[in-house]
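Enquirer: Questions regarding the structure given below will be posed in turn.
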Amino acid sequence: MDTLLHYFSINTVFVTIGTYEMSYLEFFWTISNIICVYLASRNNIWNRPIWLIWVILYIFLFYQIQLYADLGEQFYFFITGIYGRYAWSVYWKQQNNKSDIWLLTAQYRWLYSIGIGICTALLIWIIAHL
């Protein structure tokens, strides 16, 4: 068990690029991120499980560098990632295993923009009063 945790430490160097010492955690986070973006650009449903691996690696990283707010955010991303995988698979089956990329209508773009603005203002207020 200690050997496995050794690879998740930010202090265990996997490779040195120039003067930067990259840990196993950072290296595999980068690889999973590249794979996830590639699969998402191809509209491939398998980007979600890779994305969940990416989020888990981020959890280990943020915990070690003591960025606890970002750590908490990763748990939210994990939950929404599981829901996203479920929703995408249901939509994918309804479309006979064909998932097209679609855009929001102008009305929904406005609604989402207003909702994001309100949530951002609320989050700023909460953080300012901690």
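The chains in the structure tokens are called A, B, ... from first to last as shown; in each chain the residues are counted from 1, and the ligands are counted from 1 in the order shown.
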Could you name the residues that touch Cys36 (chain A) at 8 Å or less, counting only C-alpha atoms, but leaving out those on the same chain fewer than 5 positions away, as JSON, numbers by chain?

Expert: {"A": [47, 48, 50, 51]}

Enquirer: I want to know what sits within 7 Å of region 25-27 of chain A, based on only C-alpha atoms, with residues of the same chain fewer than 2 positions away left out; could you give that as a PyMOL selection string?

Expert: chain A and resi 7-10+22-23+29-31+57

Enquirer: List the neighbours of Val55 (chain A) out to 10 Å using only C-alpha atoms; skip same-chain residues closer than 5 positions along the sequence, and give me the result as a count of residues only.

Expert: 15

Enquirer: DSSP says strand (DSSP E or B) for which residues of chain A? Put them as a compact mmCIF listing (two decimals) with N, CA and C atoms, in the first residue's frame?

Expert:
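The file below, selection_33.txt, is the result:
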```txt
# COMPACT_ATOMS: atom_id res chain seq x y z
N VAL A 13 9.55 12.05 -8.06
CA VAL A 13 9.83 12.57 -9.40
C VAL A 13 9.76 11.44 -10.42
N PHE A 14 8.96 11.66 -11.46
CA PHE A 14 8.83 10.72 -12.56
C PHE A 14 9.81 11.07 -13.68
N VAL A 15 9.84 12.34 -14.03
CA VAL A 15 10.71 12.81 -15.11
C VAL A 15 11.08 14.27 -14.85
N THR A 16 12.25 14.64 -15.29
CA THR A 16 12.67 16.04 -15.20
C THR A 16 12.68 16.62 -16.60
N ILE A 17 11.92 17.70 -16.78
CA ILE A 17 11.85 18.39 -18.07
C ILE A 17 12.49 19.75 -17.87
N TYR A 20 12.32 21.47 -14.41
CA TYR A 20 11.08 21.13 -13.70
C TYR A 20 11.02 19.64 -13.43
N GLU A 21 10.83 19.28 -12.18
CA GLU A 21 10.68 17.89 -11.78
C GLU A 21 9.20 17.54 -11.72
N MET A 22 8.76 16.69 -12.64
CA MET A 22 7.36 16.31 -12.73
C MET A 22 7.12 15.00 -11.99
N SER A 23 6.13 15.02 -11.10
CA SER A 23 5.80 13.82 -10.34
C SER A 23 4.96 12.86 -11.18
```

Enquirer: Pick from A:Ile79, A:Ile34, A:Trp46, A:Phe28: nearest to Tyr58 (chain A), with only C-alpha atoms counted?

Expert: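 Ranked by minimum distance to Tyr58 (chain A), first place goes to A:Phe28.
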